[in-house]
file upload26.txt (compact mmCIF, C-alpha atoms)
# COMPACT_ATOMS: atom_id res chain seq x y z
CA MET A 23 17.30 9.04 -17.77
CA LYS A 24 18.27 11.60 -15.17
CA ARG A 25 15.03 13.36 -14.11
CA VAL A 26 12.09 11.43 -12.65
CA GLY A 27 8.80 13.14 -11.90
CA VAL A 28 6.80 11.87 -8.94
CA ILE A 29 3.10 12.57 -8.53
CA GLY A 30 2.63 12.77 -4.76
CA GLY A 31 4.96 14.17 -2.12
CA GLY A 32 4.43 11.98 0.94
CA GLN A 33 6.90 9.72 2.70
CA LEU A 34 7.00 7.21 -0.16
CA ALA A 35 8.50 9.89 -2.42
CA TRP A 36 10.67 11.19 0.43
CA MET A 37 12.26 7.76 0.90
CA MET A 38 13.44 7.78 -2.72
CA ALA A 39 15.89 10.59 -1.92
CA GLY A 40 18.99 8.71 -0.84
CA THR A 41 18.90 6.22 -3.66
CA ALA A 42 18.09 8.90 -6.24
CA GLU A 43 21.25 10.74 -5.32
CA ALA A 44 23.29 7.54 -5.50
CA LEU A 45 21.90 6.78 -8.96
CA GLY A 46 22.43 10.35 -10.20
CA ILE A 47 18.68 10.93 -10.59
CA GLU A 48 16.91 14.22 -9.89
CA LEU A 49 13.41 14.01 -8.39
CA VAL A 50 10.77 16.52 -9.46
CA VAL A 51 7.66 16.32 -7.28
CA GLN A 52 4.05 17.40 -7.77
CA THR A 53 2.35 17.79 -4.41
CA PRO A 54 -0.14 20.23 -2.86
CA ASN A 55 1.52 21.35 0.37
CA PRO A 56 4.91 22.90 1.19
CA SER A 57 4.96 20.81 4.38
CA ASP A 58 4.73 17.47 2.52
CA PRO A 59 7.79 15.30 3.28
CA ALA A 60 9.21 15.02 -0.25
CA VAL A 61 9.39 18.79 -0.69
CA ALA A 62 12.56 18.79 1.41
CA ILE A 63 14.39 16.40 -0.94
CA ALA A 64 13.03 17.32 -4.38
CA SER A 65 15.21 19.03 -6.97
CA SER A 66 12.14 21.12 -7.77
CA THR A 67 8.50 21.06 -6.72
CA ILE A 68 5.22 21.92 -8.38
CA PHE A 69 2.68 22.82 -5.72
CA ALA A 70 -0.66 21.57 -7.01
CA PRO A 71 -3.21 18.85 -6.24
CA ILE A 72 -2.02 15.48 -7.47
CA ASP A 73 -5.02 15.16 -9.79
CA ASP A 74 -4.27 18.53 -11.47
CA ALA A 75 -3.49 17.55 -15.06
CA ALA A 76 -2.28 21.04 -16.00
CA ALA A 77 0.30 20.82 -13.21
CA THR A 78 1.29 17.37 -14.43
CA ALA A 79 1.87 18.84 -17.89
CA GLU A 80 4.30 21.26 -16.26
CA LEU A 81 5.87 18.33 -14.40
CA ALA A 82 6.33 16.50 -17.69
CA SER A 83 8.20 19.50 -19.14
CA ARG A 84 10.78 19.20 -16.36
CA CYS A 85 11.49 15.45 -16.39
CA ASP A 86 12.03 12.39 -18.57
CA VAL A 87 9.50 10.00 -17.04
CA ILE A 88 6.69 10.29 -14.49
CA THR A 89 5.82 7.78 -11.79
CA PHE A 90 3.32 7.74 -8.94
CA GLU A 91 3.51 7.79 -5.15
CA ASN A 92 -0.21 7.12 -4.65
CA GLU A 93 -3.36 6.24 -6.58
CA PHE A 94 -5.43 9.40 -6.13
CA ILE A 95 -5.09 10.48 -9.73
CA ASN A 96 -7.39 11.22 -12.63
CA LEU A 97 -6.48 8.86 -15.46
CA ASN A 98 -8.83 10.44 -17.98
CA ALA A 99 -7.29 13.86 -17.43
CA LEU A 100 -3.78 12.46 -17.93
CA ASP A 101 -4.60 10.62 -21.14
CA SER A 102 -4.12 13.72 -23.27
CA LEU A 103 -0.53 13.93 -22.00
CA VAL A 104 0.12 10.38 -23.19
CA GLN A 105 -1.09 11.42 -26.63
CA LYS A 106 1.57 14.14 -26.53
CA GLY A 107 4.32 11.64 -25.78
CA VAL A 108 4.59 11.92 -22.00
CA CYS A 109 6.02 8.71 -20.52
CA PHE A 110 4.26 7.35 -17.44
CA ARG A 111 5.60 4.30 -15.63
CA PRO A 112 3.54 2.32 -14.84
CA LYS A 113 1.50 3.19 -17.94
CA LEU A 114 -2.00 4.56 -17.47
CA GLU A 115 -3.51 1.40 -18.99
CA VAL A 116 -1.69 -0.61 -16.31
CA LEU A 117 -3.27 1.50 -13.57
CA ALA A 118 -6.74 1.54 -15.14
CA PRO A 119 -7.98 -1.84 -13.81
CA LEU A 120 -6.46 -1.31 -10.36
CA LEU A 121 -7.51 2.09 -9.02
CA ASP A 122 -11.14 1.11 -8.41
CA LYS A 123 -11.32 -1.76 -5.91
CA TYR A 124 -14.21 -3.47 -7.71
CA ASP A 125 -12.46 -3.20 -11.08
CA GLN A 126 -9.33 -4.58 -9.41
CA ARG A 127 -11.25 -7.59 -8.08
CA CYS A 128 -12.72 -8.24 -11.53
CA TYR A 129 -9.29 -8.03 -13.15
CA LEU A 130 -7.76 -10.47 -10.66
CA GLU A 131 -10.64 -12.86 -11.27
CA ASP A 132 -10.25 -12.55 -15.04
CA ILE A 133 -6.55 -13.53 -14.93
CA GLY A 134 -7.27 -16.46 -12.63
CA LEU A 135 -5.88 -15.18 -9.34
CA PRO A 136 -7.71 -16.22 -6.13
CA THR A 137 -9.75 -13.56 -4.30
CA PRO A 138 -12.56 -13.49 -1.75
CA SER A 139 -16.07 -13.68 -3.24
CA PHE A 140 -17.21 -10.16 -4.06
CA THR A 141 -19.81 -7.97 -5.69
CA THR A 142 -20.57 -4.27 -6.09
CA LEU A 143 -23.42 -2.41 -4.45
CA GLU A 144 -24.80 0.55 -6.38
CA GLY A 145 -27.84 2.80 -6.26
CA ASP A 146 -29.56 4.45 -3.29
CA ALA A 147 -31.90 3.63 -0.43
CA GLU A 148 -34.91 3.32 -2.76
CA ASN A 149 -33.14 1.83 -5.75
CA GLN A 150 -30.50 -0.66 -4.66
CA GLU A 151 -28.75 -2.67 -7.32
CA VAL A 152 -26.27 -5.48 -6.91
CA ASN A 153 -23.96 -6.38 -9.79
CA LEU A 154 -22.89 -9.97 -9.28
CA SER A 155 -19.33 -11.10 -9.84
CA LYS A 156 -18.76 -14.46 -11.49
CA SER A 157 -17.63 -15.69 -8.07
CA PHE A 158 -21.25 -15.58 -6.90
CA THR A 159 -23.23 -18.52 -8.26
CA HIS A 160 -26.58 -17.73 -6.65
CA PRO A 161 -28.85 -14.65 -6.29
CA LEU A 162 -27.74 -12.24 -3.56
CA ASN A 163 -30.32 -10.85 -1.13
CA LEU A 164 -28.96 -7.97 0.93
CA GLN A 165 -31.18 -8.93 3.85
CA ASP A 166 -29.90 -12.50 3.90
CA LEU A 167 -26.17 -12.06 3.49
CA ASP A 168 -23.88 -14.36 5.41
CA PHE A 169 -22.60 -11.77 7.87
CA PRO A 170 -20.08 -10.50 8.67
CA VAL A 171 -19.12 -9.04 5.29
CA VAL A 172 -16.57 -6.42 4.30
CA LEU A 173 -17.62 -3.14 2.69
CA LYS A 174 -14.99 -1.00 0.97
CA ALA A 175 -15.12 2.35 -0.75
CA ARG A 176 -14.19 1.66 -4.36
CA ARG A 177 -11.86 4.68 -4.61
CA GLY A 178 -9.79 6.69 -2.18
CA GLY A 179 -9.40 4.37 0.81
CA TYR A 180 -6.02 3.91 2.51
CA ASP A 181 -4.68 2.95 5.95
CA GLY A 182 -8.00 1.29 6.78
CA GLN A 183 -10.07 4.32 5.79
CA GLY A 184 -13.07 3.39 3.70
CA THR A 185 -13.06 -0.23 4.92
CA PHE A 186 -15.79 -1.51 7.25
CA ILE A 187 -16.57 -4.86 8.83
CA ILE A 188 -20.37 -5.17 8.55
CA LYS A 189 -22.12 -7.42 11.09
CA ASP A 190 -25.77 -7.18 10.02
CA SER A 191 -28.14 -5.68 7.45
CA HIS A 192 -28.84 -2.61 9.61
CA ALA A 193 -25.12 -1.81 9.79
CA LEU A 194 -24.88 -2.33 6.04
CA GLU A 195 -27.61 0.21 5.38
CA SER A 196 -26.33 2.79 7.88
CA THR A 197 -22.72 2.52 6.69
CA TRP A 198 -23.69 2.81 3.04
CA GLN A 199 -25.87 5.80 3.91
CA ARG A 200 -22.84 7.50 5.55
CA LEU A 201 -21.00 6.96 2.28
CA LYS A 202 -23.89 8.73 0.52
CA TYR A 203 -24.79 5.55 -1.38
CA ALA A 204 -21.65 5.76 -3.48
CA PRO A 205 -20.82 2.52 -5.33
CA VAL A 206 -18.99 0.20 -2.95
CA LEU A 207 -17.24 -3.16 -3.02
CA LEU A 208 -18.94 -5.84 -0.95
CA GLU A 209 -17.02 -9.03 -0.25
CA GLU A 210 -16.97 -12.04 2.01
CA PHE A 211 -15.22 -11.75 5.35
CA VAL A 212 -12.19 -14.04 5.31
CA PRO A 213 -11.36 -15.61 8.70
CA PHE A 214 -7.65 -15.61 7.88
CA GLU A 215 -4.91 -17.17 9.95
CA ARG A 216 -2.56 -14.31 9.07
CA GLU A 217 -2.05 -11.56 6.53
CA LEU A 218 0.85 -11.69 4.08
CA ALA A 219 2.41 -9.25 1.64
CA ILE A 220 5.01 -9.27 -1.08
CA ILE A 221 6.82 -6.51 -2.93
CA ALA A 222 7.51 -7.28 -6.58
CA ALA A 223 9.12 -5.24 -9.35
CA ARG A 224 9.13 -5.52 -13.13
CA SER A 225 11.51 -3.78 -15.50
CA ALA A 226 10.81 -2.35 -18.93
CA ALA A 227 12.63 -5.40 -20.33
CA GLY A 228 10.19 -7.75 -18.58
CA GLU A 229 12.45 -8.91 -15.75
CA VAL A 230 10.52 -9.62 -12.52
CA VAL A 231 12.07 -9.80 -9.05
CA THR A 232 10.27 -10.54 -5.80
CA TYR A 233 11.21 -9.68 -2.23
CA PRO A 234 10.76 -12.08 0.70
CA VAL A 235 7.14 -12.79 1.61
CA VAL A 236 6.32 -11.00 4.88
CA GLU A 237 3.64 -11.19 7.53
CA THR A 238 1.77 -7.97 8.26
CA GLN A 239 -0.09 -7.36 11.50
CA GLN A 240 -2.86 -4.77 11.62
CA VAL A 241 -4.48 -2.82 14.45
CA ASP A 242 -7.75 -1.07 13.59
CA GLN A 243 -7.08 -2.04 9.96
CA VAL A 244 -3.82 -0.05 9.87
CA CYS A 245 -0.53 -1.91 9.44
CA ARG A 246 1.31 -1.92 12.77
CA ARG A 247 4.09 -4.48 12.20
CA VAL A 248 5.85 -6.33 9.40
CA LEU A 249 7.68 -9.59 10.22
CA VAL A 250 10.39 -10.64 7.77
CA PRO A 251 10.32 -13.30 6.45
CA ALA A 252 6.85 -14.74 7.02
CA ALA A 253 6.74 -18.08 8.84
CA ILE A 254 5.07 -19.99 6.01
CA THR A 255 5.62 -23.24 4.15
CA PRO A 256 7.70 -23.33 0.94
CA THR A 257 4.48 -24.20 -0.92
CA VAL A 258 2.72 -21.04 0.26
CA GLU A 259 5.83 -18.96 -0.45
CA GLN A 260 6.00 -20.23 -4.02
CA GLU A 261 2.27 -19.65 -4.52
CA VAL A 262 2.58 -16.02 -3.38
CA LYS A 263 5.56 -15.41 -5.64
CA ALA A 264 3.74 -17.03 -8.56
CA ILE A 265 0.79 -14.67 -7.97
CA ALA A 266 3.18 -11.70 -8.13
CA HIS A 267 4.73 -12.91 -11.40
CA THR A 268 1.34 -13.60 -12.98
CA LEU A 269 0.01 -10.17 -12.02
CA LEU A 270 2.97 -8.11 -13.19
CA ASP A 271 3.41 -10.04 -16.42
CA SER A 272 -0.32 -9.89 -17.21
CA LEU A 273 -0.32 -6.13 -16.69
CA GLN A 274 3.00 -5.68 -18.52
CA ALA A 275 3.77 -3.39 -15.60
CA VAL A 276 6.93 -1.37 -15.05
CA GLY A 277 7.73 -0.46 -11.48
CA VAL A 278 7.21 -1.72 -7.94
CA PHE A 279 3.92 -3.21 -6.76
CA GLY A 280 2.76 -4.11 -3.26
CA ILE A 281 0.48 -7.16 -3.02
CA GLU A 282 -1.47 -7.91 0.17
CA LEU A 283 -2.88 -11.38 0.75
CA PHE A 284 -4.79 -13.55 3.21
CA LEU A 285 -3.63 -16.97 4.36
CA THR A 286 -6.42 -19.14 5.73
CA ALA A 287 -6.09 -21.88 8.36
CA SER A 288 -6.39 -24.49 5.59
CA GLY A 289 -3.43 -22.98 3.73
CA LYS A 290 -5.45 -21.20 1.05
CA VAL A 291 -3.99 -17.96 -0.32
CA LEU A 292 -6.32 -15.13 -1.41
CA VAL A 293 -5.33 -11.77 -2.86
CA ASN A 294 -6.62 -8.90 -0.75
CA GLU A 295 -5.42 -5.70 -2.44
CA ILE A 296 -2.89 -4.46 -4.99
CA ALA A 297 -0.96 -1.19 -4.64
CA PRO A 298 0.67 -0.14 -7.94
CA ARG A 299 3.57 1.60 -6.17
CA THR A 300 6.02 1.22 -3.32
CA HIS A 301 4.22 0.05 -0.20
CA ASN A 302 4.38 0.25 3.58
CA SER A 303 4.91 -3.52 3.82
CA GLY A 304 8.22 -3.03 1.99
CA HIS A 305 9.79 -0.35 4.17
CA PHE A 306 12.04 -2.97 5.78
CA THR A 307 13.91 -3.17 2.46
CA LEU A 308 15.61 0.18 3.16
CA ASP A 309 17.82 -1.45 5.78
CA ALA A 310 17.39 -5.21 5.37
CA CYS A 311 17.80 -5.82 1.61
CA GLU A 312 20.55 -5.46 -0.97
CA THR A 313 18.27 -3.15 -2.99
CA SER A 314 15.44 -1.21 -1.35
CA GLN A 315 12.00 -1.04 -2.93
CA PHE A 316 12.63 2.68 -3.53
CA GLU A 317 15.85 2.08 -5.43
CA GLN A 318 14.08 -0.70 -7.32
CA GLN A 319 11.29 1.70 -8.31
CA LEU A 320 13.74 4.25 -9.66
CA ARG A 321 15.72 1.55 -11.45
CA ALA A 322 12.59 0.16 -13.10
CA VAL A 323 11.11 3.45 -14.29
CA SER A 324 14.51 4.77 -15.43
CA GLY A 325 15.27 1.71 -17.54
CA LEU A 326 18.15 0.52 -15.34
CA PRO A 327 18.69 -3.18 -14.53
CA LEU A 328 16.85 -4.30 -11.40
CA GLY A 329 18.86 -4.90 -8.24
CA SER A 330 19.00 -7.90 -5.93
CA PRO A 331 16.07 -8.14 -3.49
CA ALA A 332 17.98 -10.50 -1.17
CA LEU A 333 17.97 -10.04 2.60
CA LYS A 334 21.21 -8.89 4.24
CA SER A 335 20.24 -10.42 7.59
CA ALA A 336 18.46 -13.58 8.71
CA GLY A 337 15.31 -11.61 9.45
CA ALA A 338 13.88 -8.23 10.33
CA VAL A 339 10.91 -6.58 11.97
CA MET A 340 9.44 -3.23 10.93
CA VAL A 341 7.13 -1.29 13.25
CA ASN A 342 5.15 1.73 12.10
CA LEU A 343 5.25 4.74 14.39
CA LEU A 344 1.59 5.73 14.30
CA GLY A 345 0.12 8.89 15.73
CA TYR A 346 -1.88 8.29 18.92
CA GLU A 347 -2.84 11.87 19.79
CA HIS A 348 -3.39 15.30 18.24
CA SER A 349 -0.16 17.25 18.70
CA GLN A 350 2.65 19.18 17.05
CA SER A 351 5.42 17.19 18.78
CA ASN A 352 8.38 15.68 16.94
CA TYR A 353 8.77 13.04 19.70
CA LEU A 354 12.55 13.50 19.73
CA ALA A 355 13.09 11.87 23.14
CA LYS A 356 11.21 8.73 22.12
CA ARG A 357 13.05 8.54 18.83
CA GLN A 358 16.38 8.77 20.61
CA GLN A 359 15.34 6.00 22.98
CA LEU A 360 14.34 3.81 20.04
CA ALA A 361 17.63 4.49 18.26
CA GLU A 362 19.53 3.11 21.25
CA LEU A 363 18.08 -0.38 20.69
CA SER A 364 20.48 -2.87 19.09
CA HIS A 365 20.54 -3.16 15.26
CA THR A 366 17.80 -0.52 15.01
CA HIS A 367 17.15 1.98 12.23
CA VAL A 368 14.70 4.82 12.95
CA HIS A 369 13.09 6.64 10.01
CA TRP A 370 11.19 9.84 10.81
CA TYR A 371 9.13 11.38 8.03
CA GLY A 372 9.38 14.98 9.18
CA LYS A 373 5.64 15.53 9.42
CA THR A 374 4.71 18.52 11.54
CA GLU A 375 1.34 17.30 12.78
CA SER A 376 0.42 14.12 14.64
CA ARG A 377 -3.06 12.64 14.73
CA PRO A 378 -4.36 9.18 15.67
CA GLY A 379 -3.42 6.57 13.07
CA ARG A 380 -1.18 8.84 11.00
CA LYS A 381 2.10 7.27 9.88
CA LEU A 382 4.84 9.47 11.33
CA GLY A 383 7.80 7.15 10.85
CA HIS A 384 8.94 3.57 11.17
CA VAL A 385 11.57 1.50 12.94
CA THR A 386 13.36 -1.49 11.42
CA VAL A 387 15.38 -3.92 13.51
CA LEU A 388 17.70 -6.41 11.81
CA LEU A 389 17.62 -9.88 13.38
CA GLU A 390 20.13 -12.70 13.62
CA THR A 391 17.38 -15.30 13.25
CA ALA A 392 14.07 -15.62 11.40
CA ASP A 393 12.25 -16.55 14.60
CA ARG A 394 8.71 -15.14 14.62
CA SER A 395 8.46 -14.99 18.41
CA GLU A 396 11.68 -12.98 18.65
CA ALA A 397 10.42 -10.51 16.06
CA GLU A 398 7.14 -10.06 17.92
CA ALA A 399 8.94 -9.57 21.24
CA ILE A 400 11.11 -6.81 19.74
CA ALA A 401 8.04 -5.21 18.20
CA GLN A 402 6.42 -5.11 21.64
CA ILE A 403 9.49 -3.38 23.10
CA ILE A 404 9.36 -0.73 20.37
CA GLU A 405 5.63 -0.18 20.90
CA SER A 406 6.03 0.04 24.68
CA ILE A 407 8.47 2.91 24.16
CA TRP A 408 6.48 4.66 21.45
CA TYR A 409 3.04 4.44 23.06
CA SER A 410 4.18 5.22 26.61
CA GLU A 411 2.58 8.26 28.24
CA GLU A 412 5.88 9.83 29.22
call {"tool": "encode", "arguments": {"input": "upload26.txt", "output": "structure tokens"}}
result
Amino acid sequence: MKRVGVIGGGQLAWMMAGTAEALGIELVVQTPNPSDPAVAIASSTIFAPIDDAAATAELASRCDVITFENEFINLNALDSLVQKGVCFRPKLEVLAPLLDKYDQRCYLEDIGLPTPSFTTLEGDAENQEVNLSKSFTHPLNLQDLDFPVVLKARRGGYDGQGTFIIKDSHALESTWQRLKYAPVLLEEFVPFERELAIIAARSAAGEVVTYPVVETQQVDQVCRRVLVPAAITPTVEQEVKAIAHTLLDSLQAVGVFGIELFLTASGKVLVNEIAPRTHNSGHFTLDACETSQFEQQLRAVSGLPLGSPALKSAGAVMVNLLGYEHSQSNYLAKRQQLAELSHTHVHWYGKTESRPGRKLGHVTVLLETADRSEAEAIAQIIESIWYSEE
């Protein structure tokens, strides 16, 4: 397989470029804007919305297999292409239970994986309806919820968008009203000790490999740092890896998946969200692992054997370079300053516009130890440079 189509042209597709060339694979990208990062590295590009099925049909005519950079797709519209023999990896039926956050919660519950208690809220201000998940064993009164709770848009949320911490019934009503009473996921607020993530890949032959479990640290519900490996017990590590194996084998998935989890103070692990693609929590793999998540994705969807996910250093820390202002700057001086730090790799996504919270790049530093305090200290140095006013 030499030509891989990618639906979506953001930085996740852009970071496939180096490994695609090494593997002799051409990338054909469907994306709406000429300024999208992956346009610069694609062998050819179809400029169209990512949910444009007619454009995807054209994409299919130019490549051997199609994979996905994000989840903002229309499965029903793509089904006719499957009937015509177009190969999607992961398959559409693998994505079907995952793209809607409520459906995803139900699927995880059905296969026995631990999640926060949840339900869905549907209707409008005059006709509110609550569909109870099996994890609720008693009637749910919206006025008497055990606040805080978490409200999430069922489709379309990313980087913290569409996720709200709700502190009382008034906030629940006003937030849902702002979302125009669209169906939402409502779940218990988990007072976690830390957030974890794992990248896992499954081949067409059924082989599953897992990367080191990492700790992610969020600011305003956007991932700011990834500490590699997570400072957790062997028992928790094995539980997280078992969750990854169970999920990918149950789905019969092909490709890379990002799995985000909560770890409570009592040592309980709960699945937070699943991303059926390469994921921000795995960007460290570009520099710190034998095989990056992006090479692994291309290997999986192309039918090649999976590579080793092993770390090449004792540890690593990845820091996202997030926009903190509205500007057109490429922040060259700051990037040069960051690149001068020891064992540092700076990745800049080539985006032309900065805005608060937007992911513009990331920095990975390889460490000689797996010490959590050292990783956090280095992250603070990086952030002091990036968020300085100079």
call {"tool": "atom_distance", "arguments": {"input": "upload26.txt", "atom1": "CA of His369 in chain A", "atom2": "CA of His305 in chain A"}}
result
9.7 Å
call {"tool": "atom_distance", "arguments": {"input": "upload26.txt", "atom1": "CA of Leu117 in chain A", "atom2": "CA of Ile296 in chain A"}}
result
10.5 Å
call {"tool": "atom_distance", "arguments": {"input": "upload26.txt", "atom1": "CA of Ala219 in chain A", "atom2": "CA of Glu282 in chain A"}}
result
4.4 Å
call {"tool": "residues_around", "arguments": {"input": "upload26.txt", "residues": "range 86-93 of chain A", "least_positions_apart": "3", "cutoff": "6 Å", "atoms": "all atoms listed in the file", "output": "JSON, numbers by chain"}}
result
{"A": [25, 26, 27, 28, 29, 30, 109, 110, 111]}
call {"tool": "closest_residue", "arguments": {"input": "upload26.txt", "among": "A:Leu121, A:Leu34, A:Leu103, A:Val116", "to": "Asn302 in chain A", "atoms": "all atoms listed in the file"}}
result
A:Leu34
call {"tool": "residues_around", "arguments": {"input": "upload26.txt", "residues": "Cys245 in chain A", "least_positions_apart": "5", "cutoff": "10 Å", "atoms": "only C-alpha atoms", "output": "VMD selection string"}}
result
chain A and resid 181 to 182 238 to 240 302 to 303 341 to 342 344 379 381
call {"tool": "axis_aligned_box", "arguments": {"input": "upload26.txt", "around": "range 41-60 of chain A", "padding_each_side": "8 Å", "output": "JSON"}}
result
{"center_x": 11.6, "center_y": 14.6, "center_z": -3.1, "size_x": 39.4, "size_y": 32.7, "size_z": 31.0}
call {"tool": "closest_residue", "arguments": {"input": "upload26.txt", "among": "A:Ala266, A:Ala75, A:Leu49, A:Leu143", "to": "Val231 in chain A", "atoms": "only C-alpha atoms"}}
result
A:Ala266
call {"tool": "closest_residue", "arguments": {"input": "upload26.txt", "among": "A:Leu167, A:Ala392, A:Leu326, A:Leu135", "to": "Leu283 in chain A", "atoms": "only C-alpha atoms"}}
result
A:Leu135
